[in-house]
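S.K.: Dropping in run.tsv, with TSV, C-alpha atoms.
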chain	number	residue	atom	x	y	z
A	1	MET	CA	-125.05	-19.37	-10.83
A	2	ASP	CA	-127.38	-19.46	-7.82
A	3	ARG	CA	-130.86	-20.78	-8.39
A	4	GLU	CA	-132.39	-17.56	-7.03
A	5	ARG	CA	-130.63	-15.30	-9.48
A	6	THR	CA	-132.30	-14.23	-12.70
A	7	PRO	CA	-130.31	-15.14	-15.86
A	8	LEU	CA	-129.96	-11.51	-16.90
A	9	ASN	CA	-127.56	-12.34	-19.73
A	10	LEU	CA	-130.11	-14.69	-21.29
A	11	LEU	CA	-132.97	-12.24	-20.84
A	12	GLY	CA	-130.82	-9.53	-22.39
A	13	LEU	CA	-130.38	-11.78	-25.41
A	14	LEU	CA	-134.14	-11.55	-26.03
A	15	ASP	CA	-134.38	-7.81	-25.34
A	16	LEU	CA	-134.00	-6.67	-28.94
A	17	GLY	CA	-132.96	-3.17	-29.89
A	18	ALA	CA	-135.18	-0.88	-31.93
A	19	ASP	CA	-134.18	0.14	-35.44
A	20	PRO	CA	-132.36	3.51	-35.34
A	21	ASP	CA	-134.32	4.65	-38.40
A	22	GLY	CA	-137.66	3.92	-36.73
A	23	ASP	CA	-138.61	0.84	-38.77
A	24	GLU	CA	-141.03	-0.98	-36.47
A	25	ASN	CA	-140.42	-4.27	-38.31
A	26	ARG	CA	-136.65	-4.30	-37.85
A	27	PHE	CA	-134.73	-5.19	-34.68
A	28	ALA	CA	-131.10	-5.50	-33.59
A	29	GLY	CA	-130.05	-8.71	-31.84
A	30	LEU	CA	-127.08	-9.15	-29.52
A	31	PRO	CA	-124.29	-11.64	-30.29
A	32	ALA	CA	-124.60	-15.16	-28.90
A	33	LEU	CA	-123.73	-15.91	-25.27
A	34	GLU	CA	-121.73	-18.97	-26.28
A	35	GLN	CA	-118.55	-18.33	-28.24
A	36	THR	CA	-118.78	-21.55	-30.24
A	37	SER	CA	-118.54	-21.49	-34.01
A	38	PRO	CA	-120.95	-21.69	-35.71
A	39	VAL	CA	-123.32	-19.87	-33.36
A	40	TYR	CA	-125.61	-22.08	-31.26
A	41	GLY	CA	-128.83	-22.62	-33.20
A	42	GLY	CA	-131.09	-22.03	-30.20
A	43	HIS	CA	-129.81	-18.45	-30.04
A	44	LEU	CA	-130.90	-17.73	-33.61
A	45	ALA	CA	-134.32	-19.36	-33.21
A	46	ALA	CA	-135.15	-17.76	-29.85
A	47	GLN	CA	-134.04	-14.30	-30.89
A	48	ALA	CA	-135.96	-14.46	-34.19
A	49	LEU	CA	-139.09	-15.59	-32.33
A	50	ALA	CA	-138.69	-12.66	-29.95
A	51	ALA	CA	-138.54	-10.33	-32.95
A	52	ALA	CA	-141.67	-11.87	-34.46
A	53	GLY	CA	-143.50	-11.61	-31.14
A	54	ARG	CA	-142.67	-7.91	-30.82
A	55	THR	CA	-144.97	-7.25	-33.80
A	56	VAL	CA	-147.94	-9.31	-32.54
A	57	SER	CA	-150.63	-8.49	-30.02
A	58	GLY	CA	-149.89	-10.08	-26.67
A	59	GLU	CA	-153.29	-11.76	-26.72
A	60	LEU	CA	-152.15	-14.17	-29.45
A	61	PRO	CA	-149.64	-16.69	-28.04
A	62	VAL	CA	-147.18	-18.66	-30.15
A	63	HIS	CA	-148.40	-22.01	-31.45
A	64	SER	CA	-145.72	-22.99	-33.98
A	65	VAL	CA	-142.19	-22.03	-34.97
A	66	HIS	CA	-140.37	-23.27	-38.08
A	67	GLY	CA	-136.73	-22.31	-38.46
A	68	PHE	CA	-134.19	-22.92	-41.22
A	69	PHE	CA	-130.45	-22.50	-40.73
A	70	VAL	CA	-129.32	-20.96	-44.00
A	71	ARG	CA	-125.58	-20.67	-43.33
A	72	PRO	CA	-123.29	-20.77	-40.27
A	73	ALA	CA	-123.45	-17.64	-38.12
A	74	LEU	CA	-120.28	-16.14	-36.60
A	75	PRO	CA	-119.78	-15.66	-32.85
A	76	GLY	CA	-119.22	-12.22	-31.38
A	77	MET	CA	-121.25	-10.42	-34.02
A	78	ALA	CA	-124.71	-8.85	-33.81
A	79	PHE	CA	-127.76	-9.85	-35.86
A	80	ASP	CA	-130.31	-7.89	-37.88
A	81	HIS	CA	-133.92	-9.14	-37.73
A	82	ARG	CA	-136.41	-8.07	-40.39
A	83	VAL	CA	-140.01	-9.11	-39.74
A	84	GLU	CA	-142.62	-9.54	-42.47
A	85	ARG	CA	-146.22	-9.30	-41.28
A	86	VAL	CA	-147.75	-12.01	-43.45
A	87	ARG	CA	-151.18	-12.26	-41.83
A	88	ASP	CA	-153.26	-10.69	-39.07
A	89	SER	CA	-156.78	-11.89	-38.28
A	90	ALA	CA	-158.98	-12.21	-35.23
A	91	SER	CA	-157.60	-15.68	-34.49
A	92	PHE	CA	-154.19	-15.93	-36.19
A	93	ALA	CA	-151.08	-13.92	-36.91
A	94	THR	CA	-148.24	-15.15	-39.14
A	95	ARG	CA	-144.77	-13.68	-39.27
A	96	ARG	CA	-141.65	-14.37	-41.32
A	97	VAL	CA	-138.29	-13.27	-39.96
A	98	ARG	CA	-135.10	-12.92	-41.99
A	99	VAL	CA	-131.98	-12.87	-39.82
A	100	THR	CA	-128.79	-11.46	-41.33
A	101	GLN	CA	-125.24	-10.96	-40.15
A	102	ARG	CA	-122.94	-8.59	-42.06
A	103	GLY	CA	-125.62	-8.45	-44.77
A	104	ARG	CA	-125.78	-12.23	-45.31
A	105	GLU	CA	-128.84	-14.27	-44.36
A	106	VAL	CA	-128.00	-16.86	-41.71
A	107	PHE	CA	-131.44	-17.93	-40.48
A	108	SER	CA	-135.07	-17.67	-41.46
A	109	LEU	CA	-138.11	-18.30	-39.31
A	110	THR	CA	-141.84	-18.57	-39.80
A	111	ALA	CA	-143.92	-18.21	-36.64
A	112	SER	CA	-147.66	-18.60	-36.20
A	113	PHE	CA	-149.66	-17.15	-33.31
A	114	HIS	CA	-153.16	-18.36	-32.41
A	115	ARG	CA	-155.79	-17.15	-29.97
A	116	PRO	CA	-156.87	-20.21	-27.87
A	117	GLU	CA	-160.34	-21.51	-28.67
A	118	PRO	CA	-162.66	-24.11	-27.09
A	119	GLY	CA	-162.43	-27.50	-28.77
A	120	LEU	CA	-161.35	-31.13	-28.51
A	121	GLY	CA	-158.60	-32.05	-26.10
A	122	HIS	CA	-156.30	-35.00	-25.38
A	123	GLN	CA	-152.62	-35.79	-24.86
A	124	ASP	CA	-150.24	-38.72	-24.52
A	125	PRO	CA	-149.14	-39.46	-20.95
A	126	MET	CA	-145.67	-38.52	-19.77
A	127	PRO	CA	-143.35	-41.54	-19.65
A	128	PRO	CA	-142.22	-42.68	-16.19
A	129	VAL	CA	-138.85	-41.10	-15.37
A	130	PRO	CA	-136.93	-40.24	-12.19
A	131	ASP	CA	-137.38	-36.79	-10.69
A	132	PRO	CA	-134.70	-34.33	-11.85
A	133	GLU	CA	-133.51	-33.76	-8.27
A	134	SER	CA	-132.57	-37.45	-8.02
A	135	LEU	CA	-130.31	-37.28	-11.09
A	136	PRO	CA	-126.70	-36.05	-11.33
A	137	THR	CA	-125.94	-32.74	-13.00
A	138	TYR	CA	-124.57	-32.64	-16.54
A	139	GLU	CA	-121.16	-31.69	-15.18
A	140	GLU	CA	-121.23	-34.70	-12.85
A	141	ARG	CA	-122.13	-36.95	-15.78
A	142	LEU	CA	-119.22	-35.55	-17.79
A	143	THR	CA	-116.91	-36.06	-14.83
A	144	LYS	CA	-117.91	-39.73	-14.69
A	145	ALA	CA	-117.59	-40.16	-18.48
A	146	PHE	CA	-114.09	-38.64	-18.71
A	147	GLY	CA	-112.66	-39.37	-15.27
A	148	THR	CA	-111.72	-35.70	-14.87
A	149	VAL	CA	-113.56	-33.24	-12.66
A	150	MET	CA	-115.69	-30.97	-14.82
A	151	HIS	CA	-116.38	-27.58	-13.26
A	152	PRO	CA	-119.71	-25.79	-13.89
A	153	LEU	CA	-119.93	-24.93	-17.58
A	154	GLY	CA	-121.55	-21.54	-16.99
A	155	THR	CA	-124.50	-22.21	-19.29
A	156	PRO	CA	-127.75	-20.27	-18.67
A	157	TYR	CA	-129.62	-23.60	-18.44
A	158	GLU	CA	-129.41	-26.82	-16.45
A	159	LEU	CA	-129.53	-30.37	-17.85
A	160	ARG	CA	-130.25	-33.66	-16.05
A	161	PHE	CA	-130.02	-36.66	-18.39
A	162	VAL	CA	-132.10	-39.73	-17.55
A	163	GLY	CA	-130.24	-42.18	-19.80
A	164	PRO	CA	-126.75	-42.43	-21.29
A	165	LEU	CA	-124.83	-39.62	-22.91
A	166	SER	CA	-123.27	-40.13	-26.32
A	167	PHE	CA	-119.89	-40.43	-24.57
A	168	ASP	CA	-121.27	-43.37	-22.55
A	169	ALA	CA	-122.79	-45.10	-25.58
A	170	GLU	CA	-119.51	-44.81	-27.46
A	171	LYS	CA	-117.67	-46.66	-24.69
A	172	ASP	CA	-120.37	-49.28	-24.09
A	173	PRO	CA	-122.37	-50.46	-27.16
A	174	SER	CA	-125.05	-51.97	-24.87
A	175	LEU	CA	-126.09	-48.42	-23.95
A	176	ARG	CA	-127.04	-47.45	-27.51
A	177	SER	CA	-130.69	-46.44	-27.69
A	178	PRO	CA	-133.03	-44.73	-30.16
A	179	ARG	CA	-134.45	-42.70	-27.27
A	180	SER	CA	-133.06	-39.98	-25.05
A	181	GLN	CA	-134.66	-38.25	-22.08
A	182	VAL	CA	-133.38	-35.12	-20.38
A	183	TRP	CA	-134.78	-32.65	-17.86
A	184	VAL	CA	-134.04	-28.99	-18.75
A	185	ARG	CA	-134.71	-25.63	-17.17
A	186	VAL	CA	-133.41	-22.08	-17.39
A	187	ARG	CA	-131.26	-21.07	-14.43
A	188	GLY	CA	-132.70	-18.54	-12.01
A	189	GLU	CA	-136.18	-17.28	-11.25
A	190	LEU	CA	-137.70	-15.44	-14.19
A	191	PRO	CA	-139.49	-12.13	-13.61
A	192	THR	CA	-143.24	-11.77	-13.87
A	193	GLU	CA	-144.16	-9.50	-16.75
A	194	ALA	CA	-146.93	-6.95	-16.41
A	195	ALA	CA	-148.61	-8.23	-19.57
A	196	ALA	CA	-149.54	-11.91	-19.52
A	197	GLY	CA	-148.95	-12.27	-23.26
A	198	ARG	CA	-145.44	-10.84	-23.00
A	199	GLU	CA	-144.61	-13.21	-20.14
A	200	ARG	CA	-145.80	-16.23	-22.11
A	201	LEU	CA	-143.74	-15.13	-25.12
A	202	LEU	CA	-140.66	-14.98	-22.88
A	203	HIS	CA	-141.11	-18.58	-21.75
A	204	ASP	CA	-141.81	-19.72	-25.33
A	205	CYS	CA	-138.58	-18.10	-26.54
A	206	LEU	CA	-136.62	-19.69	-23.71
A	207	LEU	CA	-138.03	-23.15	-24.48
A	208	VAL	CA	-136.99	-22.74	-28.12
A	209	TYR	CA	-133.55	-21.69	-26.89
A	210	VAL	CA	-132.88	-24.48	-24.42
A	211	CYS	CA	-134.45	-27.49	-26.19
A	212	ASP	CA	-132.16	-27.11	-29.20
A	213	VAL	CA	-129.18	-28.16	-27.08
A	214	THR	CA	-130.67	-31.56	-26.25
A	215	MET	CA	-131.73	-32.95	-29.59
A	216	LEU	CA	-128.92	-34.08	-31.89
A	217	ASP	CA	-127.20	-36.00	-29.10
A	218	THR	CA	-130.07	-38.47	-29.49
A	219	VAL	CA	-128.74	-39.49	-32.91
A	220	LEU	CA	-125.28	-40.08	-31.49
A	221	VAL	CA	-126.59	-42.20	-28.61
A	222	ARG	CA	-128.33	-44.47	-31.11
A	223	GLN	CA	-125.21	-44.69	-33.27
A	224	GLY	CA	-122.78	-45.16	-30.41
A	225	VAL	CA	-120.52	-42.28	-31.45
A	226	SER	CA	-119.78	-39.12	-29.46
A	227	TRP	CA	-119.12	-35.48	-30.24
A	228	LEU	CA	-115.41	-36.26	-29.86
A	229	HIS	CA	-115.58	-37.99	-33.23
A	230	THR	CA	-118.27	-35.99	-35.03
A	231	THR	CA	-119.24	-32.47	-35.97
A	232	GLY	CA	-122.81	-31.33	-36.38
A	233	ARG	CA	-125.19	-28.44	-36.72
A	234	SER	CA	-128.92	-27.94	-37.07
A	235	VAL	CA	-130.47	-27.79	-40.54
A	236	ASP	CA	-134.03	-27.02	-39.51
A	237	TYR	CA	-135.97	-26.85	-36.25
A	238	THR	CA	-139.72	-26.90	-35.55
A	239	VAL	CA	-141.56	-26.35	-32.28
A	240	TRP	CA	-145.31	-26.64	-31.70
A	241	ILE	CA	-146.48	-25.16	-28.41
A	242	HIS	CA	-149.64	-26.67	-26.98
A	243	ARG	CA	-150.08	-25.37	-23.43
A	244	PRO	CA	-148.52	-22.79	-21.10
A	245	PHE	CA	-145.46	-23.76	-19.02
A	246	ARG	CA	-142.59	-22.13	-17.16
A	247	ALA	CA	-139.09	-22.37	-18.60
A	248	ASP	CA	-137.57	-21.83	-15.13
A	249	ASP	CA	-139.19	-25.04	-13.86
A	250	TRP	CA	-138.06	-28.49	-14.95
A	251	LEU	CA	-139.28	-29.68	-18.36
A	252	LEU	CA	-138.79	-33.22	-19.64
A	253	CYS	CA	-137.61	-33.58	-23.25
A	254	ASP	CA	-138.57	-37.08	-24.39
A	255	LEU	CA	-136.69	-37.56	-27.66
A	256	GLU	CA	-136.36	-40.27	-30.31
A	257	THR	CA	-134.56	-40.59	-33.64
A	258	PRO	CA	-136.43	-42.65	-36.25
A	259	VAL	CA	-133.93	-42.22	-39.08
A	260	ALA	CA	-130.47	-40.99	-40.06
A	261	SER	CA	-129.55	-40.86	-43.73
A	262	ALA	CA	-127.44	-38.91	-46.25
A	263	GLY	CA	-125.43	-37.29	-43.46
A	264	ARG	CA	-128.54	-36.00	-41.67
A	265	GLY	CA	-130.25	-37.24	-38.52
A	266	LEU	CA	-133.91	-36.62	-37.60
A	267	VAL	CA	-135.06	-36.17	-34.00
A	268	LEU	CA	-138.67	-35.97	-32.79
A	269	GLY	CA	-139.56	-34.97	-29.27
A	270	ARG	CA	-142.21	-34.15	-26.71
A	271	VAL	CA	-141.82	-31.67	-23.85
A	272	PHE	CA	-143.68	-32.31	-20.59
A	273	THR	CA	-143.96	-30.21	-17.45
A	274	ARG	CA	-143.04	-32.04	-14.28
A	275	GLU	CA	-146.79	-32.29	-13.57
A	276	GLY	CA	-147.17	-34.37	-16.76
A	277	VAL	CA	-148.69	-31.72	-19.04
A	278	LEU	CA	-147.63	-32.11	-22.68
A	279	ALA	CA	-146.50	-28.54	-23.34
A	280	ALA	CA	-144.73	-28.77	-26.72
A	281	THR	CA	-143.69	-31.04	-29.58
A	282	LEU	CA	-140.30	-30.78	-31.29
A	283	ALA	CA	-138.74	-31.83	-34.57
A	284	GLN	CA	-135.22	-31.21	-35.77
A	285	GLU	CA	-132.95	-32.43	-38.52
A	286	GLY	CA	-129.22	-31.94	-38.20
A	287	LEU	CA	-126.17	-32.40	-40.36
A	288	ILE	CA	-123.80	-34.82	-38.60
A	289	ARG	CA	-120.41	-35.64	-40.08
A	290	VAL	CA	-118.24	-38.42	-38.68
A	291	ASN	CA	-114.58	-37.53	-38.45
A	292	SER	CA	-112.20	-39.25	-40.85
A	293	GLY	CA	-110.92	-42.53	-39.47
A	294	HIS	CA	-113.90	-43.16	-37.19
A	295	ALA	CA	-116.41	-45.66	-38.57
A	296	ALA	CA	-120.09	-44.77	-38.45
A	297	VAL	CA	-122.69	-47.31	-37.41
A	298	GLY	CA	-125.16	-48.28	-40.12
As structure tokens, how would this structure be written, given the file I've shared?
M.R.:
Amino acid sequence: MDRERTPLNLLGLLDLGADPDGDENRFAGLPALEQTSPVYGGHLAAQALAAAGRTVSGELPVHSVHGFFVRPALPGMAFDHRVERVRDSASFATRRVRVTQRGREVFSLTASFHRPEPGLGHQDPMPPVPDPESLPTYEERLTKAFGTVMHPLGTPYELRFVGPLSFDAEKDPSLRSPRSQVWVRVRGELPTEAAAGRERLLHDCLLVYVCDVTMLDTVLVRQGVSWLHTTGRSVDYTVWIHRPFRADDWLLCDLETPVASAGRGLVLGRVFTREGVLAATLAQEGLIRVNSGHAAVG
């Protein structure tokens, strides 16, 4: 996809349909873009946040999102989003979203919105990393890892990894690391919305969508095992949004995994703009199962 083109398929994913019976707290969500099974977790989280945001005044931006993956969702099938308006005040709004597919709950989300206020301010500095333009594409990294030319994957986002992939760490134990860094951005130039609050919600949803793809690989890089020998899916996913950003410009996900236990791996992360602004903080725990016959690292 050309850089200048807008990722209409991804934007359409967040353009929820109204309830045919006129329920203003219920929305229809399109099936996932990816045909993987179970459905990519970022799809569920981003679409549920979009539903929550549709019921909130545009003057209150998102400040936190907490999602729980209840059961695997099926590809190729639509979603039903039911929003509960838990709280509305001058400064905060809280929403709970129940996402179902064929009448079964597959995902739940709690989102909090907060009107910015004057107060204390500080942030950690962005770690020194190469510019994204100086790094190979994800497809080029896969080509090097497998020795076979990998054509563009057709994803609505771009990835530029700073360090090793899990495939690299599996081949070379010296590359194992508790930390992973990757530049991400949505493909194409995003439109400017008429309402500033709606435009910020769009970028927040897209960050929730794209950052999910980067996280669990961090556990595998530390363990020195790749997705060829494991299966995994998200269990829960939390995003705190601190400052405005653009999802169609490069964002650095600086990730680390402090612990893996009982079949689950925890990943913590920080998201910086390329100017060094700490825009968001991430946390995710995933279920990772090592295939039979392949030893896991302790």
S.K.: Show me, as an NGL selection string, the residues that have an atom within 12 Å of segment 120-129 of chain A when counting only C-alpha atoms, minus same-chain residues fewer than 3 positions from it.
M.R.: :A and (116-117 or 132-135 or 160-163 or 179-183 or 242-243 or 251-255 or 269-281)
S.K.: Using all atoms listed in the file, which residue out of A:Tyr157, A:Trp227, A:Tyr209, A:Phe113 lies closest to Leu44 of chain A?
M.R.: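 Among the listed residues, A:Tyr209 lies closest to Leu44 of chain A.
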S.K.: Considering all atoms listed in the file, state which residue in the set A:Arg185, A:Arg198, A:Arg233, A:His43 is at the smallest distance from Gln284 of chain A.
M.R.: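 Among A:Arg185, A:Arg198, A:Arg233, A:His43, it is A:Arg233 that comes nearest to Gln284 of chain A.
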S.K.: Using only C-alpha atoms, which of the listed residues (A:Arg95, A:Leu60, A:Glu285, A:Val210) sits closest to Ala45 of chain A?
M.R.: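 Smallest separation from Ala45 of chain A among the options: A:Val210.
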S.K.: Tell me which of A:Asp21, A:Glu199, A:Glu189, A:Asp204 sits closest to Ala111 of chain A, counting all atoms listed in the file.
M.R.: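 Result for the nearest residue to Ala111 of chain A: A:Asp204.
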